[in-house]
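Notes follow once the structure below has been shown.
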Amino acid sequence: MSKIYYFTTPLSDEDVSGLNAGDIVYLNGTIYTARDAAHKKIVDLMAEGKELPFELQGAVIYFVGPTPPKPGEPIGSAGPTTSYRMDSYSPTLLANGLKGMIGKGKRNQEVKDACVAHKGIYFGATGGAGALLGKKITSAKIIAYPELGPEAIREIEVKDFPLTVVNDTNGKDLYQMGREQYEVKD
Amino acid sequence: MREIKFDTIVNAIRDTIIYSGANLPKDALDALQKAYEEEKSPVSKEVLGQLLENADIASSEARPLCQDTGLAVFFVKVGEDLKVVGGTLREAINKGTEVGYVEGYLRASTCEPFSRANLKDTLGYNLPAVIHFDLVSGEGLEIEYAAKGGGSENVSRATVLPPAAGKAGVIAYVKQVISDAGGNPCPPLTVGVGIGGTFEKAGISSKHSLFRDIGSINADPEIAELELEIKDELNKLGIGAMGMGGTQTVLAVHIEMNPCHIASLPVSVNVQCHSSRHSHISL
């Protein structure tokens with residue numbers, strides 16, 4: 001049976017180790033946005049031994065490219081983008097302290113293995129619920145690569161951001177488990 | 001000969017783009033509501049509930065339903081006896097698209113394929129629109145619009161089967177495409193299938209079929225039956241809302257079929273996410 005948790009970032013090994021695929025997590029605190037282009041830049045910086053735009057230890061990255069904010073609002077609509085495009089970068093980040101990733105859609109085996117080896121969690125947010133999720137973001141500021149537009153790295157504050165654990169630290173995968181349960185074989 | 005002003009078209013395109021960004025059309029909303037009521041998996045039901053709540057927030061607060069506000073795609077039927085005054089029809093549609101995306105605070109998602117540079121500073125904000133023109137008799141102007149998101153385009157596929165593959169081969173191909181896609185294209189989906197024609201005709205037909213209202217019945221009874229048969233097959237996959245596992249993977253299958261070469265059986269599968277933002281303007 002799935003459990004409900006409330007966490008505030010940064011996340012610790014103890015926080016994430018108790019989570020199981022299917023659990024619900026309401027996340028609070030500071031997280032960072034990054035899509036493909038920003039991931040490439042972060043991994044390049046790491047390869048060169050340079051300082052990153054944010055502290056990776058205990059961090060949570062949200063795969064999102066929001067719509068432009070209306071005047072007076074911190075951010076526009078902000079639902080998750082498809083995560084497999086970050087698969088080639090995520091294991092390196094997990095090995096260096098990243099604790100959580102938020103996106104939608106399945107990850108490859110390397111990412112799932114890295115979640116086990118380095119105690120990381122892949123959270124699913126509801127794709128296409130951009131208006132609802134955008135309202136859970138209380139502030140946003142671009143901290144790196146403004147030239148990437150929607151793909152720039154933003155530091156955002158979230159309040160009770162609704163997530164489902166997809167890949168846990170034990171190697172379980174909610175997408176596989178869910179589908180096996182409801183598949184009708186001829 | 002009927003005349004229509006350039007600005008009339010620009011304004012109509014702008015208005016429909018802004019409205020569509022925040023308001024799910026009734027057919028899509030009804031289909032999501034029905035899926036919510038029928039879904040057996042509690043996790044998928046929760047997701048469908050969030051999507052209904054999202055649609056409500058988007059509409060009441062005029063916020064984009066999804067951050068992927070798409071590339072603007074149009075199917076245009078233009079009468080031979082219609083004249084646009086003050087510019088070309090293509091320019092008017094592009095201008096309306098740009099103004100709509102800017103004024104609606106919608107995301108510019110168009111980029112150069114290799115450098116990935118956003119083209120808003122060179123071609124214009126989220127330009128060029130993808131426009132399919134069809135010349136028809138009369139003085140009318142019918143414009144169908146959809147905001148097409150990237151996640152569901154990424155899993156769309158096309159092939160040319162050998163004729164011997166037949167109907168069973170087409171069904172198996174569609175099932176494989178949707179099975180491989182899993183939760184990535186944001187189910188529950190509308191699945192557009194173009195059958196026959198040439199390679200590109202099948203592709204365009206599969207796209208166009210997605211502009212039809214979800215829940216509408218195909219005018220051809222045989223194809224209508226095939227649509228329901230494929231839908232049932234796809235819902236056996238168990239993918240569920242956002243891939244969480246469930247009974248409601250596909251809201252509808254839409255087929256457009258065309259005569260084809262004696263050597264070929266082209267099939268194109270164009271996938272539409274649950275946020276089916278489409279509209280129709282008559283000018």
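Order determines the names: the first chain of the structure tokens is A, the second B, and so forth; residues in each chain are numbered 1 upward, and ligands are numbered 1 upward as they are shown.
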### Task
Considering only C-alpha atoms, extract the chain A residues located within 8 Å of chain B and return them as JSON, numbers by chain.
{"A": [65, 66, 67, 68, 69, 70, 76, 77, 78, 79, 81, 82, 104, 105, 106, 126, 127, 128, 129, 130, 131, 132, 150, 174, 175, 176, 177, 178, 179, 180, 181, 182, 183, 184, 185]}
Writer output for current selection, C-alpha atoms, as an mmCIF file, in the first residue's frame:
data_model
loop_
_atom_site.group_PDB
_atom_site.id
_atom_site.type_symbol
_atom_site.label_atom_id
_atom_site.label_comp_id
_atom_site.auth_asym_id
_atom_site.auth_seq_id
_atom_site.Cartn_x
_atom_site.Cartn_y
_atom_site.Cartn_z
ATOM 1 C CA GLY A 65 10.630 24.229 -19.490
ATOM 2 C CA PRO A 66 7.889 26.559 -18.217
ATOM 3 C CA THR A 67 5.737 28.994 -20.171
ATOM 4 C CA PRO A 68 6.579 32.701 -19.700
ATOM 5 C CA PRO A 69 5.155 34.163 -16.468
ATOM 6 C CA LYS A 70 2.316 36.655 -16.639
ATOM 7 C CA GLY A 76 3.894 30.245 -15.967
ATOM 8 C CA SER A 77 2.595 26.718 -16.469
ATOM 9 C CA ALA A 78 5.207 24.211 -15.399
ATOM 10 C CA GLY A 79 4.553 20.488 -15.819
ATOM 11 C CA THR A 81 8.887 17.056 -19.706
ATOM 12 C CA THR A 82 9.756 13.515 -20.871
ATOM 13 C CA LYS A 104 7.521 11.959 -16.644
ATOM 14 C CA GLY A 105 8.019 8.730 -18.576
ATOM 15 C CA LYS A 106 10.319 5.763 -18.242
ATOM 16 C CA THR A 126 1.589 14.561 -13.767
ATOM 17 C CA GLY A 127 2.424 15.465 -17.362
ATOM 18 C CA GLY A 128 0.055 18.001 -18.846
ATOM 19 C CA ALA A 129 -0.981 19.355 -15.444
ATOM 20 C CA GLY A 130 1.091 22.484 -16.033
ATOM 21 C CA ALA A 131 -1.440 24.987 -14.695
ATOM 22 C CA LEU A 132 -1.939 23.031 -11.464
ATOM 23 C CA PRO A 150 12.642 28.072 -21.220
ATOM 24 C CA LEU A 174 6.096 1.825 -10.796
ATOM 25 C CA TYR A 175 5.511 1.928 -14.568
ATOM 26 C CA GLN A 176 6.410 -1.774 -14.913
ATOM 27 C CA MET A 177 4.489 -2.797 -11.809
ATOM 28 C CA GLY A 178 1.387 -0.812 -12.800
ATOM 29 C CA ARG A 179 1.330 -2.060 -16.344
ATOM 30 C CA GLU A 180 1.819 -5.715 -15.371
ATOM 31 C CA GLN A 181 -1.134 -5.416 -13.011
ATOM 32 C CA TYR A 182 -3.538 -4.102 -15.663
ATOM 33 C CA GLU A 183 -2.281 -5.717 -18.874
ATOM 34 C CA VAL A 184 -4.817 -8.081 -20.486
ATOM 35 C CA LYS A 185 -3.010 -10.913 -22.269
#
### Task
List every residue of stretch 5-233 of chain B that DSSP, applied to the backbone of this structure, places in helix (DSSP H, G or I), and write the result as number ranges by chain.
B: 6-22, 26-38, 42-61, 89-103, 119-121, 150-153, 163-181, 199-209, 221-233
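Across the model, the gap from atom CA of B:Gln176 to atom CA of B:Val193 is 13.1 Å.
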### Task
Please measure the separation of atom CA of B:Ile131 and atom CA of B:Tyr101, giving the value in Å to one decimal.
16.1 Å
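The nearest approach to A:Pro91 among the residues A:Phe161, A:Tyr6, A:Tyr145, A:Tyr122, with only C-alpha atoms taken into account, belongs to A:Tyr122.
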### Task
Mind checking which residues fall within 7 Å of B:Leu135, counting only C-alpha atoms, ignoring those fewer than 4 positions away in the same chain, and posting them as a ChimeraX atom specification?
/B:77-80
Residues from the last selection, N, CA and C atoms, saved as a short mmCIF file (atom, residue, chain, number, x, y, z; two decimals), in the first residue's frame:
data_model
loop_
_atom_site.label_atom_id
_atom_site.label_comp_id
_atom_site.auth_asym_id
_atom_site.auth_seq_id
_atom_site.Cartn_x
_atom_site.Cartn_y
_atom_site.Cartn_z
N LYS B 77 -8.82 24.91 -45.56
CA LYS B 77 -9.54 24.73 -46.81
C LYS B 77 -9.89 26.12 -47.32
N VAL B 78 -9.28 26.49 -48.45
CA VAL B 78 -9.51 27.84 -48.97
C VAL B 78 -10.23 27.76 -50.32
N GLY B 79 -11.33 28.52 -50.42
CA GLY B 79 -12.13 28.54 -51.65
C GLY B 79 -11.39 29.22 -52.79
N GLU B 80 -11.58 28.69 -54.00
CA GLU B 80 -10.91 29.28 -55.17
C GLU B 80 -11.39 30.70 -55.46
#
### Query
Taking the backbone alone, and naming residues the way the document does, which bits of stretch 14-157 of chain A are strand (DSSP E) by DSSP, as a ChimeraX atom specification?
/A:24-33,60-62,100-103,121-124,137-144,153-157
